[in-house]
Structure formats: C-alpha cells, structure tokens
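**Student:** Structure file data-v7.pdb (PDB, C-alpha atoms, pLDDT in the B column) is given on the next line.
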```pdb
MODEL        1
ATOM      1  CA  MET A 856     215.821-226.680 -37.316  1.00 42.00           C
ATOM      2  CA  PRO A 857     215.882-225.180 -40.833  1.00 49.00           C
ATOM      3  CA  ASP A 858     218.846-223.136 -42.072  1.00 63.00           C
ATOM      4  CA  ARG A 859     216.806-219.963 -41.643  1.00 83.00           C
ATOM      5  CA  ILE A 860     213.576-218.893 -40.043  1.00 93.00           C
ATOM      6  CA  ILE A 861     210.466-219.307 -42.219  1.00 96.00           C
ATOM      7  CA  ARG A 862     208.715-215.954 -42.243  1.00 96.00           C
ATOM      8  CA  VAL A 863     204.918-216.230 -42.434  1.00 97.00           C
ATOM      9  CA  SER A 864     202.222-213.596 -42.904  1.00 97.00           C
ATOM     10  CA  LEU A 865     198.507-214.096 -42.257  1.00 96.00           C
ATOM     11  CA  VAL A 866     195.453-212.538 -43.916  1.00 96.00           C
ATOM     12  CA  GLU A 867     192.269-213.557 -42.087  1.00 95.00           C
ATOM     13  CA  ASP A 868     189.286-211.407 -41.104  1.00 94.00           C
ATOM     14  CA  VAL A 869     188.173-213.573 -38.157  1.00 93.00           C
ATOM     15  CA  GLU A 870     190.339-212.296 -35.312  1.00 94.00           C
ATOM     16  CA  GLU A 871     190.074-215.417 -33.169  1.00 94.00           C
ATOM     17  CA  VAL A 872     191.261-217.640 -36.031  1.00 93.00           C
ATOM     18  CA  ARG A 873     194.010-215.230 -37.048  1.00 94.00           C
ATOM     19  CA  ILE A 874     195.434-214.796 -33.533  1.00 95.00           C
ATOM     20  CA  SER A 875     195.254-218.517 -32.767  1.00 94.00           C
ATOM     21  CA  LEU A 876     197.175-219.434 -35.911  1.00 95.00           C
ATOM     22  CA  LYS A 877     199.649-216.615 -35.329  1.00 96.00           C
ATOM     23  CA  ASN A 878     200.405-217.872 -31.818  1.00 96.00           C
ATOM     24  CA  ARG A 879     200.855-221.440 -33.077  1.00 95.00           C
ATOM     25  CA  ILE A 880     203.345-220.273 -35.714  1.00 96.00           C
ATOM     26  CA  LEU A 881     205.277-218.217 -33.141  1.00 96.00           C
ATOM     27  CA  GLN A 882     205.481-221.291 -30.917  1.00 95.00           C
ATOM     28  CA  THR A 883     206.897-223.434 -33.737  1.00 95.00           C
ATOM     29  CA  GLU A 884     210.657-223.736 -33.896  1.00 94.00           C
ATOM     30  CA  GLY A 885     212.073-222.373 -37.133  1.00 95.00           C
ATOM     31  CA  MET A 886     209.030-220.201 -37.919  1.00 96.00           C
ATOM     32  CA  THR A 887     207.872-216.700 -37.126  1.00 97.00           C
ATOM     33  CA  CYS A 888     204.865-214.572 -37.997  1.00 97.00           C
ATOM     34  CA  VAL A 889     205.983-211.226 -39.388  1.00 96.00           C
ATOM     35  CA  GLY A 890     202.539-209.781 -40.021  1.00 95.00           C
ATOM     36  CA  ASP A 891     198.825-210.452 -39.650  1.00 96.00           C
ATOM     37  CA  TYR A 892     196.043-208.565 -41.416  1.00 95.00           C
ATOM     38  CA  ALA A 893     192.270-208.514 -41.125  1.00 94.00           C
ATOM     39  CA  ASP A 894     191.468-207.420 -44.680  1.00 93.00           C
ATOM     40  CA  GLY A 895     192.809-207.556 -48.210  1.00 91.00           C
ATOM     41  CA  GLU A 896     193.290-203.798 -48.556  1.00 93.00           C
ATOM     42  CA  THR A 897     195.695-203.605 -45.613  1.00 94.00           C
ATOM     43  CA  ALA A 898     197.452-206.814 -46.627  1.00 93.00           C
ATOM     44  CA  LEU A 899     197.892-205.642 -50.209  1.00 91.00           C
ATOM     45  CA  ALA A 900     199.773-202.514 -49.120  1.00 91.00           C
ATOM     46  CA  ALA A 901     201.910-204.305 -46.552  1.00 94.00           C
ATOM     47  CA  LEU A 902     202.835-207.480 -48.435  1.00 92.00           C
ATOM     48  CA  LEU A 903     204.255-205.586 -51.393  1.00 90.00           C
ATOM     49  CA  VAL A 904     207.121-204.462 -49.157  1.00 90.00           C
ATOM     50  CA  GLU A 905     207.093-206.860 -46.215  1.00 91.00           C
ATOM     51  CA  GLU A 906     209.969-209.334 -45.904  1.00 93.00           C
ATOM     52  CA  THR A 907     208.084-212.594 -45.755  1.00 94.00           C
ATOM     53  CA  ASP A 908     208.304-216.025 -47.367  1.00 95.00           C
ATOM     54  CA  ILE A 909     204.809-217.483 -47.154  1.00 96.00           C
ATOM     55  CA  VAL A 910     201.394-215.854 -46.975  1.00 96.00           C
ATOM     56  CA  ILE A 911     198.366-217.710 -45.656  1.00 95.00           C
ATOM     57  CA  THR A 912     195.262-215.914 -46.878  1.00 94.00           C
ATOM     58  CA  ASP A 913     191.567-216.496 -46.428  1.00 93.00           C
ATOM     59  CA  ILE A 914     190.096-216.539 -49.943  1.00 89.00           C
ATOM     60  CA  GLY A 915     186.705-215.275 -48.764  1.00 86.00           C
ATOM     61  CA  LEU A 916     187.720-211.911 -47.343  1.00 89.00           C
ATOM     62  CA  PRO A 917     185.263-208.990 -47.287  1.00 86.00           C
ATOM     63  CA  GLY A 918     186.138-206.122 -49.618  1.00 88.00           C
ATOM     64  CA  ILE A 919     189.060-207.188 -51.774  1.00 90.00           C
ATOM     65  CA  SER A 920     188.848-210.976 -51.812  1.00 90.00           C
ATOM     66  CA  GLY A 921     191.832-213.116 -50.914  1.00 90.00           C
ATOM     67  CA  ILE A 922     191.956-214.287 -54.527  1.00 89.00           C
ATOM     68  CA  GLU A 923     192.093-210.738 -55.886  1.00 91.00           C
ATOM     69  CA  CYS A 924     194.629-209.690 -53.250  1.00 91.00           C
ATOM     70  CA  MET A 925     196.834-212.654 -54.086  1.00 90.00           C
ATOM     71  CA  PHE A 926     196.617-212.008 -57.824  1.00 90.00           C
ATOM     72  CA  ARG A 927     197.646-208.364 -57.458  1.00 91.00           C
ATOM     73  CA  ILE A 928     200.571-209.148 -55.204  1.00 91.00           C
ATOM     74  CA  LYS A 929     201.806-211.949 -57.442  1.00 89.00           C
ATOM     75  CA  GLN A 930     202.014-209.490 -60.333  1.00 88.00           C
ATOM     76  CA  GLN A 931     204.688-207.562 -58.437  1.00 90.00           C
ATOM     77  CA  ARG A 932     206.151-210.176 -56.099  1.00 90.00           C
ATOM     78  CA  ALA A 933     206.320-213.511 -57.865  1.00 87.00           C
ATOM     79  CA  ASP A 934     208.722-214.737 -55.173  1.00 87.00           C
ATOM     80  CA  LEU A 935     206.011-214.906 -52.517  1.00 91.00           C
ATOM     81  CA  ARG A 936     204.362-218.267 -51.951  1.00 93.00           C
ATOM     82  CA  PHE A 937     200.697-218.357 -50.995  1.00 94.00           C
ATOM     83  CA  LEU A 938     198.607-220.873 -49.094  1.00 93.00           C
ATOM     84  CA  ALA A 939     194.899-220.378 -49.713  1.00 90.00           C
ATOM     85  CA  PHE A 940     192.931-220.682 -46.466  1.00 89.00           C
ATOM     86  CA  THR A 941     189.418-222.009 -47.056  1.00 85.00           C
ATOM     87  CA  VAL A 942     186.486-223.851 -45.528  1.00 82.00           C
ATOM     88  CA  PHE A 943     185.746-226.395 -48.276  1.00 69.00           C
ATOM     89  CA  ASP A 944     188.298-228.206 -50.426  1.00 66.00           C
ATOM     90  CA  ASN A 945     185.791-228.805 -53.229  1.00 62.00           C
ATOM     91  CA  ASP A 946     184.841-225.142 -53.492  1.00 61.00           C
ATOM     92  CA  GLU A 947     185.296-223.725 -56.998  1.00 71.00           C
ATOM     93  CA  ASN A 948     187.035-220.794 -55.297  1.00 74.00           C
ATOM     94  CA  VAL A 949     189.933-223.105 -54.410  1.00 78.00           C
ATOM     95  CA  PHE A 950     190.553-223.723 -58.095  1.00 78.00           C
ATOM     96  CA  GLU A 951     190.224-220.007 -58.819  1.00 81.00           C
ATOM     97  CA  ALA A 952     192.748-219.260 -56.063  1.00 84.00           C
ATOM     98  CA  LEU A 953     195.236-221.701 -57.566  1.00 82.00           C
ATOM     99  CA  LYS A 954     194.791-220.076 -60.971  1.00 80.00           C
ATOM    100  CA  ALA A 955     195.356-216.670 -59.361  1.00 83.00           C
ATOM    101  CA  GLY A 956     198.702-217.734 -57.963  1.00 85.00           C
ATOM    102  CA  ALA A 957     198.182-219.842 -54.839  1.00 88.00           C
ATOM    103  CA  ASP A 958     200.828-222.538 -54.454  1.00 90.00           C
ATOM    104  CA  GLY A 959     198.647-224.770 -52.315  1.00 89.00           C
ATOM    105  CA  TYR A 960     195.838-224.579 -49.788  1.00 86.00           C
ATOM    106  CA  VAL A 961     194.857-225.611 -46.284  1.00 86.00           C
ATOM    107  CA  LEU A 962     191.435-226.026 -44.734  1.00 86.00           C
ATOM    108  CA  LYS A 963     190.240-224.020 -41.768  1.00 86.00           C
ATOM    109  CA  ARG A 964     189.066-227.223 -40.131  1.00 86.00           C
ATOM    110  CA  ASP A 965     192.524-228.789 -40.402  1.00 86.00           C
ATOM    111  CA  PRO A 966     194.380-229.218 -37.102  1.00 89.00           C
ATOM    112  CA  THR A 967     197.077-226.587 -36.634  1.00 90.00           C
ATOM    113  CA  GLU A 968     199.732-229.314 -36.859  1.00 92.00           C
ATOM    114  CA  LYS A 969     198.662-230.020 -40.434  1.00 90.00           C
ATOM    115  CA  ILE A 970     198.766-226.316 -41.309  1.00 93.00           C
ATOM    116  CA  ILE A 971     202.299-226.084 -39.886  1.00 94.00           C
ATOM    117  CA  GLN A 972     203.295-229.107 -41.996  1.00 93.00           C
ATOM    118  CA  ALA A 973     201.792-227.434 -45.078  1.00 92.00           C
ATOM    119  CA  ILE A 974     203.869-224.308 -44.420  1.00 95.00           C
ATOM    120  CA  GLN A 975     207.005-226.429 -44.164  1.00 93.00           C
ATOM    121  CA  GLU A 976     206.099-228.394 -47.309  1.00 92.00           C
ATOM    122  CA  LEU A 977     205.464-225.229 -49.284  1.00 92.00           C
ATOM    123  CA  TYR A 978     208.706-223.677 -48.083  1.00 93.00           C
ATOM    124  CA  GLU A 979     210.581-226.756 -49.276  1.00 90.00           C
ATOM    125  CA  GLY A 980     209.072-226.501 -52.751  1.00 89.00           C
ATOM    126  CA  GLY A 981     205.943-228.646 -52.401  1.00 89.00           C
ATOM    127  CA  SER A 982     202.330-227.769 -53.196  1.00 84.00           C
ATOM    128  CA  PRO A 983     199.999-228.989 -50.453  1.00 85.00           C
ATOM    129  CA  MET A 984     196.563-229.796 -51.895  1.00 77.00           C
ATOM    130  CA  SER A 985     194.201-232.726 -52.309  1.00 67.00           C
ATOM    131  CA  ARG A 986     194.614-235.179 -55.189  1.00 65.00           C
ATOM    132  CA  ALA A 987     191.212-234.198 -56.582  1.00 64.00           C
ATOM    133  CA  VAL A 988     192.134-230.524 -56.839  1.00 66.00           C
ATOM    134  CA  ALA A 989     195.615-231.313 -58.156  1.00 66.00           C
ATOM    135  CA  LEU A 990     194.008-233.381 -60.936  1.00 66.00           C
ATOM    136  CA  LYS A 991     191.649-230.527 -61.775  1.00 65.00           C
ATOM    137  CA  VAL A 992     194.598-228.143 -62.047  1.00 64.00           C
ATOM    138  CA  LEU A 993     196.453-230.520 -64.367  1.00 62.00           C
ATOM    139  CA  GLN A 994     193.388-231.003 -66.545  1.00 66.00           C
ATOM    140  CA  SER A 995     193.024-227.247 -66.960  1.00 62.00           C
ATOM    141  CA  PHE A 996     196.357-227.168 -68.799  1.00 59.00           C
ATOM    142  CA  ARG A 997     195.447-229.957 -71.196  1.00 60.00           C
ATOM    143  CA  PRO A 998     193.950-229.094 -74.578  1.00 58.00           C
ATOM    144  CA  PRO A 999     190.366-230.257 -75.030  1.00 55.00           C
ATOM    145  CA  PRO A1000     190.062-233.576 -76.830  1.00 54.00           C
ATOM    146  CA  LYS A1001     189.384-233.392 -80.536  1.00 54.00           C
ATOM    147  CA  LYS A1002     185.804-233.954 -81.505  1.00 53.00           C
ATOM    148  CA  SER A1003     184.946-237.019 -83.454  1.00 52.00           C
ATOM    149  CA  ALA A1004     183.301-236.412 -86.815  1.00 51.00           C
ATOM    150  CA  ASP A1005     181.178-239.497 -86.164  1.00 51.00           C
ATOM    151  CA  LYS A1006     179.512-237.637 -83.282  1.00 63.00           C
ATOM    152  CA  ILE A1007     178.805-234.544 -85.364  1.00 79.00           C
ATOM    153  CA  LEU A1008     178.038-235.783 -88.862  1.00 85.00           C
ATOM    154  CA  THR A1009     175.581-238.494 -89.797  1.00 87.00           C
ATOM    155  CA  VAL A1010     176.825-241.600 -91.598  1.00 86.00           C
ATOM    156  CA  ARG A1011     175.367-240.241 -94.833  1.00 89.00           C
ATOM    157  CA  GLU A1012     177.050-236.851 -94.369  1.00 90.00           C
ATOM    158  CA  THR A1013     180.377-238.499 -93.613  1.00 88.00           C
ATOM    159  CA  GLU A1014     180.097-240.593 -96.780  1.00 89.00           C
ATOM    160  CA  LEU A1015     179.257-237.509 -98.816  1.00 91.00           C
ATOM    161  CA  LEU A1016     182.184-235.557 -97.333  1.00 89.00           C
ATOM    162  CA  GLU A1017     184.523-238.399 -98.198  1.00 88.00           C
ATOM    163  CA  ASN A1018     183.322-238.149-101.806  1.00 88.00           C
ATOM    164  CA  LEU A1019     183.840-234.387-101.724  1.00 87.00           C
ATOM    165  CA  SER A1020     187.414-234.940-100.574  1.00 86.00           C
ATOM    166  CA  LYS A1021     188.027-237.008-103.713  1.00 86.00           C
ATOM    167  CA  GLY A1022     187.246-233.959-105.849  1.00 84.00           C
ATOM    168  CA  LEU A1023     183.966-235.309-107.204  1.00 88.00           C
ATOM    169  CA  PHE A1024     181.303-232.964-108.541  1.00 89.00           C
ATOM    170  CA  TYR A1025     177.812-232.819-107.028  1.00 90.00           C
ATOM    171  CA  LYS A1026     176.369-234.631-110.044  1.00 91.00           C
ATOM    172  CA  GLU A1027     178.892-237.481-109.661  1.00 91.00           C
ATOM    173  CA  ILE A1028     178.231-237.755-105.919  1.00 91.00           C
ATOM    174  CA  ALA A1029     174.486-237.835-106.557  1.00 92.00           C
ATOM    175  CA  SER A1030     174.936-240.731-108.964  1.00 92.00           C
ATOM    176  CA  LEU A1031     177.187-242.676-106.574  1.00 90.00           C
ATOM    177  CA  MET A1032     174.877-242.218-103.592  1.00 91.00           C
ATOM    178  CA  PHE A1033     171.606-242.672-105.548  1.00 91.00           C
ATOM    179  CA  ILE A1034     170.230-239.303-104.503  1.00 93.00           C
ATOM    180  CA  SER A1035     169.374-236.127-106.387  1.00 93.00           C
ATOM    181  CA  GLU A1036     171.824-233.310-106.943  1.00 91.00           C
ATOM    182  CA  GLY A1037     169.532-231.070-104.875  1.00 91.00           C
ATOM    183  CA  THR A1038     169.783-233.481-101.949  1.00 93.00           C
ATOM    184  CA  VAL A1039     173.581-233.419-102.253  1.00 92.00           C
ATOM    185  CA  LYS A1040     173.501-229.627-101.963  1.00 92.00           C
ATOM    186  CA  GLN A1041     171.295-229.836 -98.877  1.00 92.00           C
ATOM    187  CA  HIS A1042     173.694-232.293 -97.229  1.00 91.00           C
ATOM    188  CA  VAL A1043     176.656-230.076 -98.086  1.00 92.00           C
ATOM    189  CA  ASN A1044     174.983-227.067 -96.485  1.00 91.00           C
ATOM    190  CA  HIS A1045     174.328-229.080 -93.316  1.00 90.00           C
ATOM    191  CA  ILE A1046     177.955-230.245 -93.263  1.00 90.00           C
ATOM    192  CA  TYR A1047     179.240-226.680 -93.616  1.00 89.00           C
ATOM    193  CA  GLN A1048     177.013-225.554 -90.745  1.00 89.00           C
ATOM    194  CA  LYS A1049     178.072-228.384 -88.437  1.00 87.00           C
ATOM    195  CA  LEU A1050     181.782-227.944 -89.164  1.00 87.00           C
ATOM    196  CA  GLN A1051     181.496-224.145 -89.240  1.00 85.00           C
ATOM    197  CA  ALA A1052     183.117-224.110 -92.675  1.00 85.00           C
ATOM    198  CA  GLN A1053     182.699-221.672 -95.549  1.00 84.00           C
ATOM    199  CA  ASN A1054     183.684-223.950 -98.438  1.00 86.00           C
ATOM    200  CA  ARG A1055     184.623-227.462 -99.499  1.00 84.00           C
ATOM    201  CA  THR A1056     188.349-227.114 -98.730  1.00 84.00           C
ATOM    202  CA  GLU A1057     187.761-225.735 -95.234  1.00 84.00           C
ATOM    203  CA  ALA A1058     185.219-228.433 -94.453  1.00 85.00           C
ATOM    204  CA  ILE A1059     187.561-231.221 -95.594  1.00 83.00           C
ATOM    205  CA  ASN A1060     190.495-229.788 -93.610  1.00 82.00           C
ATOM    206  CA  LYS A1061     188.431-229.419 -90.458  1.00 79.00           C
ATOM    207  CA  TYR A1062     187.071-232.924 -90.862  1.00 77.00           C
ATOM    208  CA  ARG A1063     190.548-234.428 -91.224  1.00 74.00           C
ATOM    209  CA  LEU A1064     192.165-232.395 -88.420  1.00 71.00           C
ATOM    210  CA  GLY A1065     189.243-232.450 -86.027  1.00 64.00           C
ATOM    211  CA  THR A1066     189.438-228.673 -85.596  1.00 57.00           C
ATOM    212  CA  TYR A1067     185.753-227.856 -85.271  1.00 56.00           C
TER     213      TYR A1067
ENDMDL
END
```
Could you quickly redo this structure as structure tokens?

**Tutor:**
Amino acid sequence: MPDRIIRVSLVEDVEEVRISLKNRILQTEGMTCVGDYADGETALAALLVEETDIVITDIGLPGISGIECMFRIKQQRADLRFLAFTVFDNDENVFEALKAGADGYVLKRDPTEKIIQAIQELYEGGSPMSRAVALKVLQSFRPPPKKSADKILTVRETELLENLSKGLFYKEIASLMFISEGTVKQHVNHIYQKLQAQNRTEAINKYRLGTY
C-alpha cells in the first residue's frame, strides 16, 4: 500500500463510463475518487480548489473540451497531473492534449486494470503513453533540420554564389562561367528569391548557415 492515498478526479460526460471507473478506483487499495464531473465547466470550477492528485479527463467533452479545461487548470495548478482519456491513441487530439499539459493518456477501450496501473505510474512520476506518441512529443521539441542548399539552388546557382562569396564582380563571374553579365544578374536575382535575401552579404550568410 502506498504511503498515502492517491486522490483521483474524473471528468467524463458518459455517465456509465464515469461511474464504472469511479467504482473501480474506490475498490482499489490505496486510491480514492474525490470527485467526478460530467462536463468541463463544472470540472474547471471544482478542480481549481479540489484536493486531488490526478485528474482523468475525456478530451472530447461537449462545451469546454477536455483539452481546454486541462490547459486552463494547469495555468493555475501546475501541481495537478492529468491523464487524457481518449478513444484512439493515434488521434491528433492526443498530441494536442499532451501539449496542453497532459502527463500521459489512457484509452477508453483499455481494461480497467491497465487504467489503474497508469494512475499508479503517473503518481510515481511516469508518463503512460505509447512509444509512437512519445516519439512525436520528443520530435516536437527538436529544431527543424537545416535545409540543404543543394536542394534549393541549382548547381549553376551554387557555383555562382561561391564566386560571389569570393568578392568577385559580376563582370569577373561572367568571364569565369562563360556567360553574359546580364545572365549573372538574372541568376543572382533567382538566388536572392530562393534564399529570401536582400543583398549579397545576406545571401552568402544564409547559404553558409543554412538559415533559409
């Protein structure tokens, strides 16, 4: 038995599901259900003051969604831990719920034993979720990979930009590349557009740093 009772609150609009889960929690040693709510509006008012540890909330509630309810509460009670309660684990709403403050999620089709385990895991500092969703969450914090100039500029444009970086004048570049000075200017304009640059220096810096 844990050192103290794990206090759980439920937010679920389907009464049969809510009552069934509530009864299962009350029957579990070391856990109790301190509140159950059928909508986000009622839950929002109660959970801001209720003494609870973990909130299991349906993310598809009518009215104020579970995601919105969770986000608002987290702004004032960062100590509360949330389990998103959902039908599909590949739903984009699961990812949105995690971004809004959910610490993990359980599926409505999961056996109650698995939901109880998730509550215990969350209480002990874990984050119950599938590997696929966990990977998606991690990827959201990673900066996008730098673009390769080879995929944006043509070989000819890359060669011309390299010559620009050496400080050569258009006339000199035209001679080296066996093209007219007018063609050099056309290439330069295309390079500026592709790299979203206003001048030679900006274009060269963006090309070298990959910041375009």

**Student:** For the structure shown, which residues end up in the PyMOL selection byres ((chain A and resi 1048-1056) around 12)? Put them as a VMD selection string, please?

**Tutor:** chain A and resid 1002 to 1009 1012 to 1013 1015 to 1025 1040 to 1047 1057 to 1067

**Student:** Can you turn the PyMOL selection byres ((chain A and resi 877) around 9) into a concrete residue list for this file, as a list in words?

**Tutor:** Val863, Ser864, Leu865, Val872, Arg873, Ile874, Ser875, Leu876, Asn878, Arg879, Ile880, Leu881, Gln882, Thr887, Cys888, Gly890 and Asp891 of chain A

**Student:** Just the selected residues (C-alpha atoms), exported as a compact mmCIF listing (two decimals), in the coordinates of the input, please.

**Tutor:**
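Listing of again_10.txt after writing:
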```
# COMPACT_ATOMS: atom_id res chain seq x y z
CA VAL A 863 204.92 -216.23 -42.43
CA SER A 864 202.22 -213.60 -42.90
CA LEU A 865 198.51 -214.10 -42.26
CA VAL A 872 191.26 -217.64 -36.03
CA ARG A 873 194.01 -215.23 -37.05
CA ILE A 874 195.43 -214.80 -33.53
CA SER A 875 195.25 -218.52 -32.77
CA LEU A 876 197.18 -219.43 -35.91
CA ASN A 878 200.40 -217.87 -31.82
CA ARG A 879 200.86 -221.44 -33.08
CA ILE A 880 203.34 -220.27 -35.71
CA LEU A 881 205.28 -218.22 -33.14
CA GLN A 882 205.48 -221.29 -30.92
CA THR A 887 207.87 -216.70 -37.13
CA CYS A 888 204.86 -214.57 -38.00
CA GLY A 890 202.54 -209.78 -40.02
CA ASP A 891 198.82 -210.45 -39.65
```

**Student:** Which neighbours of A:Ile922 fall inside 8 Å, counting all atoms listed in the file, when residues of the same chain fewer than 5 positions from it are skipped, and could you give them as an MDAnalysis selection string?

**Tutor:** chainID A and resid 914:915 951:952 955

**Student:** Would you put the residues from that selection into a file with C-alpha atoms, as a PDB file, in the coordinates of the input?

**Tutor:**
```pdb
ATOM      1  CA  ILE A 914     190.096-216.539 -49.943  1.00 89.00           C
ATOM      2  CA  GLY A 915     186.705-215.275 -48.764  1.00 86.00           C
ATOM      3  CA  GLU A 951     190.224-220.007 -58.819  1.00 81.00           C
ATOM      4  CA  ALA A 952     192.748-219.260 -56.063  1.00 84.00           C
ATOM      5  CA  ALA A 955     195.356-216.670 -59.361  1.00 83.00           C
TER       6      ALA A 955
END
```

**Student:** Which residue out of A:Phe1033, A:Phe926, A:Phe940, A:Tyr892 has the minimum interatomic distance to A:Asp965 when all atoms listed in the file are used?

**Tutor:** A:Phe940

**Student:** Taking the file above as input, evaluate the PyMOL selection byres ((chain A and resi 910) around 9) and report the hits as a list of chain:residue names.

**Tutor:**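 Applied to this file, the PyMOL selection byres ((chain A and resi 910) around 9) selects A:Arg862, A:Val863, A:Ser864, A:Leu865, A:Val866, A:Leu902, A:Thr907, A:Asp908, A:Ile909, A:Ile911, A:Thr912, A:Leu935, A:Arg936, A:Phe937, A:Leu938, A:Ala939.
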
**Student:** So the first atom is atom CA of A:Leu899 and the second is atom CA of A:Val869; what is the distance between them in Å, to one decimal place?

**Tutor:**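 One can read the atom CA of A:Leu899 to atom CA of A:Val869 distance as 17.4 Å.
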
**Student:** What separation in Å, quoted to one decimal, exists between atom CA of A:Ala973 and atom CA of A:Ala893?

**Tutor:**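 Between these atoms lies a distance of 21.5 Å.
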
**Student:** Measure the distance from atom CA of A:Val961 to atom CA of A:Asp913 in Å and round it to one decimal.

**Tutor:**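 Here the two named atoms are 9.7 Å from each other.
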
**Student:** Give the answer as one residue: which of A:Val904, A:Val1010, A:Leu1031, A:Ile970 has the shortest atom-to-atom distance to A:Thr941, using only C-alpha atoms?

**Tutor:**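 Of A:Val904, A:Val1010, A:Leu1031, A:Ile970, the one nearest A:Thr941, counting only C-alpha atoms, is A:Ile970.
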
**Student:** For A:Ile919, please output as a PDB file with C-alpha atoms, keeping the file's coordinate frame all residues within 9 Å (counting all atoms listed in the file; exclusion window: fewer than 5 positions along the same chain).

**Tutor:**
```pdb
ATOM      1  CA  ASP A 894     191.468-207.420 -44.680  1.00 93.00           C
ATOM      2  CA  GLY A 895     192.809-207.556 -48.210  1.00 91.00           C
ATOM      3  CA  GLU A 896     193.290-203.798 -48.556  1.00 93.00           C
ATOM      4  CA  CYS A 924     194.629-209.690 -53.250  1.00 91.00           C
TER       5      CYS A 924
END
```

**Student:** Using all atoms listed in the file, which of the listed residues (A:Gln930, A:Thr883, A:Thr1038, A:Ser982) sits closest to A:Ile861?

**Tutor:**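 Of all the options, A:Thr883 lies closest to A:Ile861.
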
**Student:** Of the candidates A:Glu923, A:Glu905, A:Glu871, A:Glu1027, which shows the shortest atom-to-atom distance to A:Ala957, using all atoms listed in the file?

**Tutor:**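 Checking each candidate against A:Ala957, we get A:Glu923 as the closest.
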
**Student:** Nearest to A:Glu906: which of A:Asp934, A:Glu976, A:Pro983, A:Lys969 is it, counting only C-alpha atoms?

**Tutor:**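 Going through A:Asp934, A:Glu976, A:Pro983, A:Lys969 one by one, the smallest distance to A:Glu906 is for A:Asp934.
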